[in-house]
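Data from data-v8.cif: mmCIF, C-alpha atoms
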```cif
data_protein
loop_
_atom_site.label_atom_id
_atom_site.label_comp_id
_atom_site.auth_asym_id
_atom_site.auth_seq_id
_atom_site.Cartn_x
_atom_site.Cartn_y
_atom_site.Cartn_z
CA MET A 142 2.39 46.78 -35.22
CA PRO A 143 -0.58 45.99 -37.47
CA VAL A 144 -0.05 43.89 -40.58
CA VAL A 145 -1.12 45.18 -43.96
CA SER A 146 -1.62 42.94 -47.01
CA MET A 147 -2.34 43.96 -50.57
CA THR A 148 -1.52 43.09 -54.14
CA VAL A 149 0.99 45.40 -55.79
CA ASN A 150 1.66 45.06 -59.51
CA GLY A 151 0.19 41.58 -59.42
CA LYS A 152 2.25 40.38 -56.49
CA ALA A 153 0.79 39.68 -53.03
CA VAL A 154 2.66 41.56 -50.32
CA SER A 155 2.36 41.75 -46.58
CA ALA A 156 4.24 43.67 -43.91
CA ASP A 157 4.18 45.00 -40.37
CA VAL A 158 3.57 48.73 -40.55
CA ASP A 159 3.33 51.67 -38.19
CA PRO A 160 -0.27 52.88 -38.65
CA ARG A 161 1.10 56.26 -39.77
CA THR A 162 2.62 54.70 -42.87
CA LEU A 163 1.23 56.34 -45.97
CA LEU A 164 0.69 54.22 -49.06
CA VAL A 165 3.46 56.15 -50.85
CA GLN A 166 5.89 55.31 -48.04
CA PHE A 167 4.87 51.66 -48.07
CA LEU A 168 5.46 51.46 -51.82
CA ARG A 169 8.77 53.32 -51.78
CA GLU A 170 10.33 52.20 -48.52
CA ASN A 171 8.90 48.74 -47.84
CA LEU A 172 8.61 47.55 -51.41
CA ARG A 173 11.45 49.65 -52.92
CA LEU A 174 9.15 50.74 -55.76
CA THR A 175 10.64 54.19 -56.03
CA GLY A 176 8.99 55.17 -59.31
CA THR A 177 6.19 56.75 -57.30
CA HIS A 178 7.43 60.10 -55.98
CA VAL A 179 6.72 62.40 -53.07
CA GLY A 180 6.54 65.91 -54.53
CA CYS A 181 4.53 68.23 -52.32
CA ASP A 182 3.28 65.83 -49.67
CA THR A 183 0.14 68.00 -49.49
CA SER A 184 -2.12 66.32 -52.07
CA GLN A 185 -1.58 68.96 -54.74
CA CYS A 186 1.18 67.95 -57.19
CA GLY A 187 0.20 64.44 -58.28
CA CYS A 188 3.72 62.96 -58.33
CA CYS A 189 2.46 60.23 -56.01
CA VAL A 190 -0.49 59.06 -58.14
CA VAL A 191 -0.97 55.29 -58.32
CA HIS A 192 -3.98 53.14 -59.13
CA VAL A 193 -5.87 51.56 -56.23
CA ASP A 194 -8.57 49.12 -57.34
CA GLY A 195 -8.48 50.61 -60.81
CA ARG A 196 -8.70 54.29 -59.85
CA ALA A 197 -6.09 57.02 -59.66
CA VAL A 198 -5.46 58.15 -56.10
CA LYS A 199 -2.83 60.33 -54.44
CA SER A 200 -0.84 57.83 -52.45
CA CYS A 201 0.59 60.51 -50.14
CA THR A 202 -2.94 61.02 -48.78
CA LEU A 203 -3.90 57.44 -48.10
CA LEU A 204 -2.87 55.27 -45.17
CA ALA A 205 -1.34 51.97 -46.23
CA LEU A 206 -3.79 50.30 -43.85
CA THR A 207 -6.73 51.78 -45.76
CA ALA A 208 -5.43 49.96 -48.86
CA GLU A 209 -5.71 46.61 -47.07
CA GLY A 210 -6.78 43.96 -49.56
CA ALA A 211 -6.60 46.35 -52.49
CA LYS A 212 -5.11 45.87 -55.93
CA VAL A 213 -2.45 48.53 -56.41
CA THR A 214 -0.68 49.39 -59.65
CA THR A 215 2.36 51.63 -59.75
CA ILE A 216 4.36 52.96 -62.72
CA GLU A 217 6.59 49.90 -62.44
CA GLY A 218 3.57 47.69 -62.98
CA LEU A 219 2.78 49.01 -66.45
CA ALA A 220 5.39 46.91 -68.19
CA GLY A 221 7.83 44.21 -67.14
CA ALA A 222 11.57 44.93 -67.18
CA ASN A 223 12.06 43.18 -70.50
CA ASP A 224 8.73 44.11 -72.05
CA PRO A 225 8.03 46.96 -74.49
CA LEU A 226 6.79 50.14 -72.82
CA HIS A 227 3.09 50.62 -72.15
CA PRO A 228 1.57 52.69 -75.03
CA MET A 229 1.18 55.70 -72.72
CA GLN A 230 4.82 55.50 -71.63
CA GLU A 231 5.87 55.13 -75.27
CA ALA A 232 3.83 58.21 -76.19
CA PHE A 233 5.65 60.26 -73.53
CA ARG A 234 8.97 59.05 -74.93
CA GLU A 235 8.05 59.83 -78.54
CA ASN A 236 6.48 63.21 -77.84
CA HIS A 237 9.16 64.53 -75.47
CA GLY A 238 6.64 64.61 -72.64
CA LEU A 239 9.24 64.90 -69.89
CA GLN A 240 12.37 66.81 -68.94
CA CYS A 241 13.51 65.98 -65.41
CA GLY A 242 10.98 63.18 -65.17
CA PHE A 243 9.93 63.80 -61.57
CA CYS A 244 6.26 64.37 -62.35
CA THR A 245 6.19 61.79 -65.14
CA PRO A 246 5.10 58.62 -63.32
CA GLY A 247 2.20 60.58 -61.78
CA MET A 248 1.36 62.09 -65.16
CA ILE A 249 1.30 58.68 -66.81
CA MET A 250 -0.80 57.03 -64.09
CA THR A 251 -3.25 59.95 -64.23
CA ALA A 252 -3.31 59.76 -68.02
CA ILE A 253 -4.17 56.07 -68.03
CA ASP A 254 -6.94 56.68 -65.49
CA MET A 255 -8.21 59.49 -67.71
CA VAL A 256 -8.41 57.13 -70.70
CA ASN A 257 -10.13 54.47 -68.58
CA ARG A 258 -12.82 56.97 -67.68
CA LYS A 259 -13.06 59.14 -70.78
CA GLY A 260 -12.03 56.95 -73.68
CA ASN A 261 -9.35 57.09 -76.34
CA ASP A 262 -10.32 60.30 -78.11
CA LEU A 263 -9.27 63.05 -75.72
CA ASP A 264 -9.29 66.67 -76.83
CA GLU A 265 -6.83 69.20 -75.48
CA ARG A 266 -9.32 70.89 -73.17
CA THR A 267 -10.35 67.63 -71.53
CA ILE A 268 -6.75 66.59 -71.01
CA ARG A 269 -5.79 69.92 -69.44
CA GLU A 270 -8.80 69.82 -67.10
CA GLU A 271 -8.13 66.24 -66.10
CA LEU A 272 -4.50 67.18 -65.34
CA GLU A 273 -5.44 69.78 -62.73
CA GLY A 274 -4.11 67.54 -60.01
CA ASN A 275 -0.70 67.07 -61.64
CA LEU A 276 1.90 69.84 -61.55
CA CYS A 277 5.03 70.05 -63.72
CA ARG A 278 7.81 72.57 -63.12
CA CYS A 279 9.82 71.88 -66.26
CA THR A 280 7.81 71.47 -69.43
CA GLY A 281 4.98 74.00 -69.47
CA TYR A 282 2.65 71.03 -70.10
CA HIS A 283 2.36 71.33 -73.90
CA ASN A 284 4.21 68.12 -74.70
CA ILE A 285 2.56 66.32 -71.80
CA VAL A 286 -0.82 67.11 -73.34
CA LYS A 287 0.42 65.96 -76.74
CA SER A 288 1.81 62.76 -75.24
CA ILE A 289 -1.45 61.98 -73.49
CA ALA A 290 -3.51 62.57 -76.63
CA ALA A 291 -1.21 60.24 -78.56
CA GLY A 292 -1.03 57.70 -75.76
CA ALA A 293 -4.81 57.64 -75.46
CA LYS A 294 -5.14 56.87 -79.16
CA ALA A 295 -2.42 54.24 -78.93
CA MET A 296 -4.19 52.57 -76.03
CA GLY A 297 -7.16 52.23 -78.36
CA GLY A 298 -4.99 50.47 -80.89
CA THR A 299 -4.18 53.36 -83.24
CA ARG A 300 -0.59 54.51 -83.47
CA VAL A 301 -0.03 58.24 -83.98
CA ALA A 302 3.18 59.52 -85.53
CA ALA A 303 5.15 61.91 -83.32
CA GLU A 304 5.38 65.44 -84.71
CA MET B 1365 2.08 62.55 -37.97
CA TYR B 1366 1.96 61.79 -34.29
CA ALA B 1367 1.35 58.14 -33.45
CA PHE B 1368 -2.18 56.74 -33.27
CA THR B 1369 -4.04 53.44 -33.01
CA TYR B 1370 -5.81 52.46 -36.22
CA HIS B 1371 -9.26 50.82 -36.18
CA ARG B 1372 -11.21 49.46 -39.13
CA PRO B 1373 -14.74 48.65 -37.87
CA GLY B 1374 -16.91 46.34 -39.93
CA THR B 1375 -20.24 47.83 -38.79
CA LEU B 1376 -21.68 51.23 -37.94
CA ASP B 1377 -22.30 50.10 -34.33
CA GLU B 1378 -18.65 49.17 -33.93
CA ALA B 1379 -17.66 52.59 -35.31
CA VAL B 1380 -19.99 54.39 -32.88
CA LYS B 1381 -18.57 52.39 -29.93
CA LEU B 1382 -15.03 53.38 -30.94
CA LEU B 1383 -16.05 57.04 -30.82
CA ALA B 1384 -16.65 56.69 -27.08
CA ASP B 1385 -13.00 57.62 -26.63
CA GLU B 1386 -13.05 61.38 -27.01
CA ASP B 1387 -9.67 61.37 -28.69
CA ALA B 1388 -10.97 59.26 -31.57
CA LYS B 1389 -11.53 60.71 -35.04
CA LEU B 1390 -13.44 59.27 -37.99
CA LEU B 1391 -11.52 58.74 -41.24
CA ALA B 1392 -13.63 59.04 -44.39
CA GLY B 1393 -11.82 59.96 -47.63
CA GLY B 1394 -8.90 61.26 -45.64
CA HIS B 1395 -8.18 64.20 -47.92
CA THR B 1396 -8.70 66.74 -45.15
CA LEU B 1397 -7.84 64.71 -42.05
CA LEU B 1398 -4.58 63.17 -43.26
CA PRO B 1399 -3.08 66.42 -44.59
CA THR B 1400 -4.06 68.06 -41.28
CA MET B 1401 -2.40 65.28 -39.30
CA LYS B 1402 0.70 65.40 -41.52
CA LEU B 1403 1.05 69.07 -40.59
CA ARG B 1404 0.59 68.08 -36.94
CA LEU B 1405 -2.41 70.39 -36.66
CA ALA B 1406 -4.44 67.41 -35.46
CA SER B 1407 -3.25 64.39 -33.50
CA PRO B 1408 -6.11 62.07 -32.58
CA SER B 1409 -5.01 59.02 -30.59
CA HIS B 1410 -7.45 56.79 -32.44
CA ILE B 1411 -8.37 56.75 -36.11
CA VAL B 1412 -11.65 55.02 -36.99
CA ASP B 1413 -11.54 54.15 -40.69
CA LEU B 1414 -15.09 54.04 -42.09
CA SER B 1415 -14.08 52.54 -45.46
CA ARG B 1416 -15.35 49.03 -44.64
CA VAL B 1417 -18.63 49.98 -42.93
CA PRO B 1418 -21.39 48.77 -45.25
CA GLY B 1419 -24.40 50.83 -46.31
CA LEU B 1420 -22.77 54.24 -46.35
CA ARG B 1421 -22.05 54.55 -50.07
CA GLY B 1422 -24.35 55.07 -53.02
CA ILE B 1423 -26.89 57.44 -54.51
CA GLU B 1424 -30.61 56.72 -54.65
CA PHE B 1425 -33.70 58.59 -55.76
CA LYS B 1426 -36.33 57.51 -53.23
CA GLY B 1427 -39.78 59.03 -52.83
CA GLY B 1428 -38.83 62.23 -54.61
CA THR B 1429 -35.67 62.71 -52.53
CA ILE B 1430 -32.06 62.31 -53.62
CA GLU B 1431 -30.24 60.29 -50.94
CA ILE B 1432 -26.45 60.33 -51.00
CA GLY B 1433 -24.59 57.95 -48.67
CA ALA B 1434 -22.09 59.75 -46.43
CA MET B 1435 -19.11 57.81 -47.80
CA THR B 1436 -20.01 58.50 -51.46
CA GLN B 1437 -17.04 60.05 -53.25
CA HIS B 1438 -17.21 63.39 -55.08
CA GLY B 1439 -16.53 61.70 -58.40
CA GLU B 1440 -19.53 59.46 -57.94
CA VAL B 1441 -21.78 62.44 -57.19
CA ALA B 1442 -20.42 64.29 -60.23
CA ASN B 1443 -21.03 61.34 -62.56
CA SER B 1444 -24.36 60.22 -61.10
CA LYS B 1445 -27.20 60.19 -63.64
CA VAL B 1446 -29.68 60.73 -60.81
CA VAL B 1447 -27.92 63.88 -59.57
CA GLN B 1448 -27.25 65.19 -63.09
CA GLU B 1449 -30.94 64.92 -63.91
CA GLN B 1450 -32.56 65.92 -60.62
CA LEU B 1451 -30.06 68.42 -59.18
CA PRO B 1452 -27.53 69.32 -61.89
CA ALA B 1453 -26.00 72.16 -59.87
CA LEU B 1454 -24.82 69.65 -57.26
CA ALA B 1455 -23.19 67.39 -59.84
CA HIS B 1456 -21.47 70.44 -61.33
CA MET B 1457 -20.22 71.49 -57.90
CA ALA B 1458 -18.88 68.02 -57.09
CA LYS B 1459 -16.97 68.04 -60.37
CA LEU B 1460 -15.19 71.23 -59.30
CA ILE B 1461 -13.81 69.79 -56.06
CA GLY B 1462 -10.05 69.21 -56.05
CA ASP B 1463 -8.99 67.13 -59.03
CA PRO B 1464 -9.84 63.68 -60.46
CA ALA B 1465 -7.68 61.73 -57.97
CA VAL B 1466 -9.01 63.72 -55.01
CA ARG B 1467 -12.55 63.13 -56.26
CA HIS B 1468 -11.91 59.37 -56.14
CA MET B 1469 -11.42 59.58 -52.37
CA GLY B 1470 -13.07 62.68 -50.85
CA THR B 1471 -16.57 62.13 -49.49
CA ILE B 1472 -19.70 64.23 -48.94
CA GLY B 1473 -19.96 63.08 -45.32
CA GLY B 1474 -16.39 64.04 -44.58
CA SER B 1475 -16.81 67.46 -46.18
CA ILE B 1476 -19.98 68.23 -44.24
CA ALA B 1477 -18.88 66.79 -40.89
CA ASN B 1478 -15.66 68.78 -40.98
CA ASN B 1479 -17.28 72.10 -41.96
CA ASP B 1480 -14.06 73.46 -43.37
CA PRO B 1481 -14.64 77.12 -44.22
CA THR B 1482 -13.45 76.45 -47.80
CA ALA B 1483 -15.44 73.25 -48.43
CA ASP B 1484 -18.16 73.34 -51.06
CA TYR B 1485 -20.79 71.02 -49.63
CA PRO B 1486 -21.72 73.28 -46.70
CA ALA B 1487 -22.74 76.00 -49.17
CA ALA B 1488 -24.75 73.50 -51.23
CA SER B 1489 -26.43 72.09 -48.12
CA MET B 1490 -27.47 75.53 -46.86
CA ALA B 1491 -28.71 76.75 -50.24
CA LEU B 1492 -30.58 73.54 -50.98
CA GLU B 1493 -31.97 73.02 -47.45
CA ALA B 1494 -30.46 69.56 -47.23
CA ALA B 1495 -31.19 67.12 -44.41
CA ILE B 1496 -28.18 65.55 -42.73
CA VAL B 1497 -29.11 62.10 -41.48
CA THR B 1498 -27.04 60.51 -38.73
CA ASN B 1499 -27.18 57.31 -36.74
CA LYS B 1500 -29.30 59.23 -34.21
CA ARG B 1501 -31.50 61.77 -36.05
CA SER B 1502 -32.06 63.99 -39.07
CA ILE B 1503 -30.65 67.52 -38.84
CA PRO B 1504 -31.72 70.31 -41.24
CA ALA B 1505 -28.77 72.12 -42.81
CA ASP B 1506 -29.76 75.46 -41.23
CA ALA B 1507 -29.25 73.91 -37.78
CA PHE B 1508 -26.16 71.90 -38.72
CA PHE B 1509 -23.37 74.37 -39.51
CA LYS B 1510 -22.45 76.20 -36.32
CA GLY B 1511 -19.17 77.95 -37.03
CA LEU B 1512 -15.55 77.43 -38.01
CA PHE B 1513 -15.05 73.62 -38.14
CA GLU B 1514 -18.05 73.30 -35.80
CA THR B 1515 -21.24 71.38 -36.45
CA ALA B 1516 -24.28 70.18 -34.51
CA LEU B 1517 -22.88 66.63 -34.45
CA GLU B 1518 -22.72 65.10 -30.99
CA PRO B 1519 -19.72 63.06 -29.83
CA GLU B 1520 -20.94 59.60 -30.84
CA GLU B 1521 -22.83 60.70 -33.92
CA ILE B 1522 -21.95 59.62 -37.46
CA ILE B 1523 -23.46 61.03 -40.65
CA THR B 1524 -24.95 58.17 -42.65
CA LYS B 1525 -26.49 60.04 -45.58
CA VAL B 1526 -27.47 63.46 -46.89
CA GLN B 1527 -30.86 64.12 -48.46
CA PHE B 1528 -31.58 66.74 -51.14
CA LYS B 1529 -34.82 67.67 -52.88
CA PRO B 1530 -34.56 67.96 -56.68
CA LEU B 1531 -34.13 71.46 -58.08
CA LYS B 1532 -33.39 72.78 -61.55
CA VAL B 1533 -33.01 76.51 -60.90
CA ALA B 1534 -29.78 76.39 -58.94
CA ALA B 1535 -26.09 76.92 -59.64
CA TYR B 1536 -22.67 77.08 -58.00
CA GLN B 1537 -19.85 79.36 -59.06
CA LYS B 1538 -16.45 79.00 -57.47
CA PHE B 1539 -13.30 81.07 -57.59
CA ARG B 1540 -10.61 78.49 -57.02
CA ASN B 1541 -7.23 78.62 -55.33
CA GLN B 1542 -4.84 77.90 -58.20
CA ALA B 1543 -2.85 75.11 -56.55
CA SER B 1544 -5.34 73.11 -54.53
CA ARG B 1545 -8.54 74.29 -56.21
CA TYR B 1546 -10.44 74.85 -52.95
CA ALA B 1547 -12.89 77.73 -52.85
CA LEU B 1548 -11.42 81.14 -52.25
CA VAL B 1549 -15.04 82.17 -52.67
CA GLY B 1550 -17.88 79.84 -53.66
CA VAL B 1551 -21.49 80.94 -54.04
CA PHE B 1552 -24.42 78.53 -54.29
CA VAL B 1553 -27.69 80.08 -55.48
CA ALA B 1554 -31.01 78.23 -55.34
CA LYS B 1555 -34.53 79.34 -56.27
CA ARG B 1556 -37.29 77.14 -54.91
CA ASP B 1557 -41.03 77.97 -54.77
CA GLY B 1558 -40.52 81.72 -54.94
CA ASN B 1559 -37.81 81.69 -52.27
CA VAL B 1560 -34.16 82.33 -53.01
CA ARG B 1561 -31.12 81.23 -51.02
CA VAL B 1562 -27.57 82.48 -51.50
CA ALA B 1563 -24.94 80.55 -49.52
CA VAL B 1564 -21.29 81.59 -49.48
CA THR B 1565 -18.25 79.47 -48.64
CA GLY B 1566 -14.53 80.20 -48.64
CA ALA B 1567 -14.89 83.79 -47.58
CA GLY B 1568 -16.41 83.77 -44.11
CA GLY B 1569 -14.23 83.81 -41.03
CA ASN B 1570 -16.89 81.75 -39.31
CA GLY B 1571 -17.67 79.32 -42.11
CA VAL B 1572 -20.59 79.18 -44.53
CA PHE B 1573 -23.12 82.02 -44.41
CA ARG B 1574 -26.13 83.32 -46.33
CA VAL B 1575 -26.39 86.80 -47.83
CA LYS B 1576 -29.83 88.13 -46.95
CA SER B 1577 -29.58 91.31 -49.03
CA PHE B 1578 -28.83 89.27 -52.14
CA GLU B 1579 -31.64 86.83 -51.37
CA ASP B 1580 -34.19 89.65 -50.93
CA ALA B 1581 -33.13 91.32 -54.19
CA LEU B 1582 -33.25 88.05 -56.14
CA LYS B 1583 -36.64 87.16 -54.70
CA LYS B 1584 -38.04 90.30 -56.34
CA ASP B 1585 -36.11 89.81 -59.56
CA PHE B 1586 -34.12 86.66 -60.18
CA SER B 1587 -31.49 88.06 -62.53
CA PRO B 1588 -27.82 89.10 -62.32
CA LYS B 1589 -28.96 92.69 -62.83
CA ALA B 1590 -30.85 92.62 -59.53
CA LEU B 1591 -27.52 92.19 -57.73
CA GLU B 1592 -25.77 95.11 -59.40
CA GLY B 1593 -24.59 97.66 -56.87
CA LEU B 1594 -25.17 95.30 -53.94
CA THR B 1595 -22.09 94.59 -51.88
CA VAL B 1596 -21.07 92.43 -48.97
CA SER B 1597 -19.03 93.95 -46.14
CA ALA B 1598 -15.42 92.81 -45.89
CA GLU B 1599 -15.79 92.69 -42.11
CA GLY B 1600 -15.52 89.18 -40.74
CA LEU B 1601 -14.19 87.79 -44.00
CA ASN B 1602 -10.96 85.81 -44.31
CA SER B 1603 -7.77 87.57 -45.30
CA ASP B 1604 -4.61 85.70 -46.28
CA ILE B 1605 -1.93 85.52 -48.97
CA HIS B 1606 -4.49 84.17 -51.45
CA GLY B 1607 -6.89 87.07 -51.11
CA SER B 1608 -7.71 90.00 -48.86
CA ALA B 1609 -11.08 90.36 -47.15
CA GLU B 1610 -11.91 93.21 -49.53
CA TYR B 1611 -11.10 91.05 -52.55
CA ARG B 1612 -13.24 88.21 -51.22
CA ALA B 1613 -16.12 90.62 -50.60
CA HIS B 1614 -15.81 91.72 -54.22
CA LEU B 1615 -15.65 88.11 -55.44
CA ILE B 1616 -18.84 87.23 -53.57
CA GLY B 1617 -20.70 89.72 -55.73
CA VAL B 1618 -19.06 88.46 -58.92
CA MET B 1619 -19.65 84.77 -58.18
CA ALA B 1620 -23.26 85.44 -57.09
CA ARG B 1621 -24.04 87.23 -60.35
CA ARG B 1622 -22.41 84.42 -62.34
CA ALA B 1623 -24.32 81.79 -60.37
CA VAL B 1624 -27.64 83.50 -61.06
CA ALA B 1625 -26.81 83.71 -64.78
CA ASP B 1626 -25.83 80.03 -64.69
CA ALA B 1627 -29.04 79.04 -62.89
CA LEU B 1628 -31.12 80.91 -65.48
CA ALA B 1629 -29.35 79.13 -68.29
CA ARG B 1630 -30.24 75.65 -66.99
#
```
What would the structure in this file look like if it were written as structure tokens?
Amino acid sequence: MPVVSMTVNGKAVSADVDPRTLLVQFLRENLRLTGTHVGCDTSQCGCCVVHVDGRAVKSCTLLALTAEGAKVTTIEGLAGANDPLHPMQEAFRENHGLQCGFCTPGMIMTAIDMVNRKGNDLDERTIREELEGNLCRCTGYHNIVKSIAAGAKAMGGTRVAAE
Amino acid sequence: MYAFTYHRPGTLDEAVKLLADEDAKLLAGGHTLLPTMKLRLASPSHIVDLSRVPGLRGIEFKGGTIEIGAMTQHGEVANSKVVQEQLPALAHMAKLIGDPAVRHMGTIGGSIANNDPTADYPAASMALEAAIVTNKRSIPADAFFKGLFETALEPEEIITKVQFKPLKVAAYQKFRNQASRYALVGVFVAKRDGNVRVAVTGAGGNGVFRVKSFEDALKKDFSPKALEGLTVSAEGLNSDIHGSAEYRAHLIGVMARRAVADALAR
């Protein structure tokens, strides 16, 4: 079986993989990083979003072998076990941006990518458009949008009080 | 997915050689091929990953022509200053494909080579008279799209870039599937040197097609009003749970009128 090597959350990893292995499977099953979820498995819901070389991608639609040599960041990589939460994670906590939590890692990874591309001052319309690839069955999105707006500001260094 | 052998060529020549096996398939952004393989609707024995072949990515404005490398992602086309200035309708269309994560991976070459009946680039290519450049030749868009998932590409032929001529009076309006945001109906309208082209995707049972009656009307009077009362027959159009053929025929008219209004506003 071919070998795949990449850096995940700062750590170099390498493994024998069946070529069919999707990046999401490699992360969850080989590396036991189960924060990334398989929701629809058809590239629609966004529960599988991770960052590959600094960009949000749907890991259910990427072969692990294509990510050879890449720098991958998952939800687990945002903050160490004993560190404070990443500002975007904290914003979701403070603004009740989740209920069951299944879509949440994907939402947060997409949100951070959004801030990387569009800056810290995100209006509601921009956030909703940028979230088209992330589906949530529980919340109705309102608090997710609020969380992302607050998280974006916090990533820029300004704390916003939760309402 | 059914099992396959994975190849990651480092040069275009290597990639072409790997295509000699007729059960080999090129992998570009993977956002059509991999979902298809996951559903077991395709099972190539060999996957040829183009992601490390140099010289296939990037956007250049050379000699009055916009050249887009085949492996350029939709997000790059959408954000390109060159495309936004020289062919804004194309940047707008690229921005409507999928969602931000999909646009980080999906490529123009993959979209065109696959000729999915709901892809956007085939409509743009037909309306804008694009030239599809391969490792062997340059193919005009009119000769490229042959039918459902069928193109003029020969077995060992790889698209290397797509060329567009700048155009301001052009627009794309798309009625999107709510979950995956592909085109239920997408209409690309372009007015160049007194000629008008109207290319429709998403609706046709045989892939992208042009609407001659709309083109003739718009050539006389390029305004949404000129299209009022004109209809497209539902015959030959797709019908599924997302929309009947009659509904798609109706949407073609709506999207065409909106595209003309959009093109006039640019």
If we count only C-alpha atoms and set the cut-off at 12 Å, which residues sit around Ile1605 of chain B, ignoring sequence neighbours fewer than 5 positions away in its own chain? Please answer as an mmCIF file with C-alpha atoms, keeping the file's coordinate frame.
```cif
data_model
loop_
_atom_site.group_PDB
_atom_site.id
_atom_site.type_symbol
_atom_site.label_atom_id
_atom_site.label_comp_id
_atom_site.auth_asym_id
_atom_site.auth_seq_id
_atom_site.Cartn_x
_atom_site.Cartn_y
_atom_site.Cartn_z
ATOM 1 C CA ASN B 1541 -7.230 78.620 -55.330
ATOM 2 C CA LEU B 1548 -11.420 81.140 -52.250
ATOM 3 C CA TYR B 1611 -11.100 91.050 -52.550
ATOM 4 C CA ARG B 1612 -13.240 88.210 -51.220
#
```
* Asked: Mind listing as an MDAnalysis selection string which residues of chain A are within 7 Å of chain B, counting all atoms listed in the file?
  -> chainID A and resid 160:161 183 185 197:199 202:203 271 273:274
* To do: Taking the file as shown, find all residues satisfying the PyMOL selection byres ((chain A and resi 233-244) around 10) and write them as a PyMOL selection string.
  => chain A and resi 176-180+186-190+226+228-232+245-249+275-280+282-292+301-304
* Any idea what's packed within 7 Å of Leu1531 of chain B, counting only C-alpha atoms, ignoring anything in its chain fewer than 2 positions away? Could you give it as a ChimeraX atom specification? -> /B:1450-1451,1529,1533-1534
Taking C-alpha atoms for each residue, export the selection above as a compact mmCIF listing (two decimals), keeping the file's coordinate frame.
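Wrote it out as selection-v3.txt, contents follow:
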```
# COMPACT_ATOMS: atom_id res chain seq x y z
CA GLN B 1450 -32.56 65.92 -60.62
CA LEU B 1451 -30.06 68.42 -59.18
CA LYS B 1529 -34.82 67.67 -52.88
CA VAL B 1533 -33.01 76.51 -60.90
CA ALA B 1534 -29.78 76.39 -58.94
```
* Mind pulling up the distance from atom CA of Lys1589 of chain B to atom CA of Leu1601 of chain B? ->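 Straight-line distance from atom CA of Leu1601 of chain B to atom CA of Lys1589 of chain B works out to 24.4 Å.
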* Quick one, how far is atom CA of Ala1379 of chain B from atom CA of Ile1522 of chain B? ->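 Atom CA of Ala1379 of chain B sits 8.5 Å away from atom CA of Ile1522 of chain B.
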* Evaluate the PyMOL selection byres ((chain B and resi 1420) around 6) and report residues as a ChimeraX atom specification -> /B:1418-1419,1421,1433-1435,1524
* Separation of atom CA of Glu1493 of chain B from atom CA of Lys1445 of chain B, in Å and rounded to one decimal -> 21.2 Å
Missing atoms in segment 1447-1459 of chain B should be modelled up to N, CA and C atoms and reported as an mmCIF file, keeping the file's coordinate frame.
```
data_model
loop_
_atom_site.group_PDB
_atom_site.id
_atom_site.type_symbol
_atom_site.label_atom_id
_atom_site.label_comp_id
_atom_site.auth_asym_id
_atom_site.auth_seq_id
_atom_site.Cartn_x
_atom_site.Cartn_y
_atom_site.Cartn_z
ATOM 1 N N VAL B 1447 -28.222 62.505 -59.989
ATOM 2 C CA VAL B 1447 -27.920 63.880 -59.570
ATOM 3 C C VAL B 1447 -27.884 64.814 -60.783
ATOM 4 N N GLN B 1448 -27.320 64.339 -61.892
ATOM 5 C CA GLN B 1448 -27.250 65.190 -63.090
ATOM 6 C C GLN B 1448 -28.640 65.564 -63.572
ATOM 7 N N GLU B 1449 -29.581 64.628 -63.433
ATOM 8 C CA GLU B 1449 -30.940 64.920 -63.910
ATOM 9 C C GLU B 1449 -31.755 65.714 -62.901
ATOM 10 N N GLN B 1450 -31.662 65.336 -61.621
ATOM 11 C CA GLN B 1450 -32.560 65.920 -60.620
ATOM 12 C C GLN B 1450 -31.999 67.183 -59.971
ATOM 13 N N LEU B 1451 -30.670 67.300 -59.898
ATOM 14 C CA LEU B 1451 -30.060 68.420 -59.180
ATOM 15 C C LEU B 1451 -28.718 68.737 -59.844
ATOM 16 N N PRO B 1452 -28.768 69.163 -61.119
ATOM 17 C CA PRO B 1452 -27.530 69.320 -61.890
ATOM 18 C C PRO B 1452 -26.492 70.236 -61.248
ATOM 19 N N ALA B 1453 -26.958 71.241 -60.503
ATOM 20 C CA ALA B 1453 -26.000 72.160 -59.870
ATOM 21 C C ALA B 1453 -25.090 71.425 -58.894
ATOM 22 N N LEU B 1454 -25.623 70.385 -58.235
ATOM 23 C CA LEU B 1454 -24.820 69.650 -57.260
ATOM 24 C C LEU B 1454 -23.759 68.796 -57.968
ATOM 25 N N ALA B 1455 -24.150 68.179 -59.085
ATOM 26 C CA ALA B 1455 -23.190 67.390 -59.840
ATOM 27 C C ALA B 1455 -22.068 68.293 -60.369
ATOM 28 N N HIS B 1456 -22.445 69.473 -60.829
ATOM 29 C CA HIS B 1456 -21.470 70.440 -61.330
ATOM 30 C C HIS B 1456 -20.514 70.862 -60.234
ATOM 31 N N MET B 1457 -21.051 71.083 -59.034
ATOM 32 C CA MET B 1457 -20.220 71.490 -57.900
ATOM 33 C C MET B 1457 -19.251 70.375 -57.521
ATOM 34 N N ALA B 1458 -19.743 69.138 -57.471
ATOM 35 C CA ALA B 1458 -18.880 68.020 -57.090
ATOM 36 C C ALA B 1458 -17.729 67.879 -58.069
ATOM 37 N N LYS B 1459 -18.000 68.157 -59.334
ATOM 38 C CA LYS B 1459 -16.970 68.040 -60.370
ATOM 39 C C LYS B 1459 -15.868 69.086 -60.202
#
```
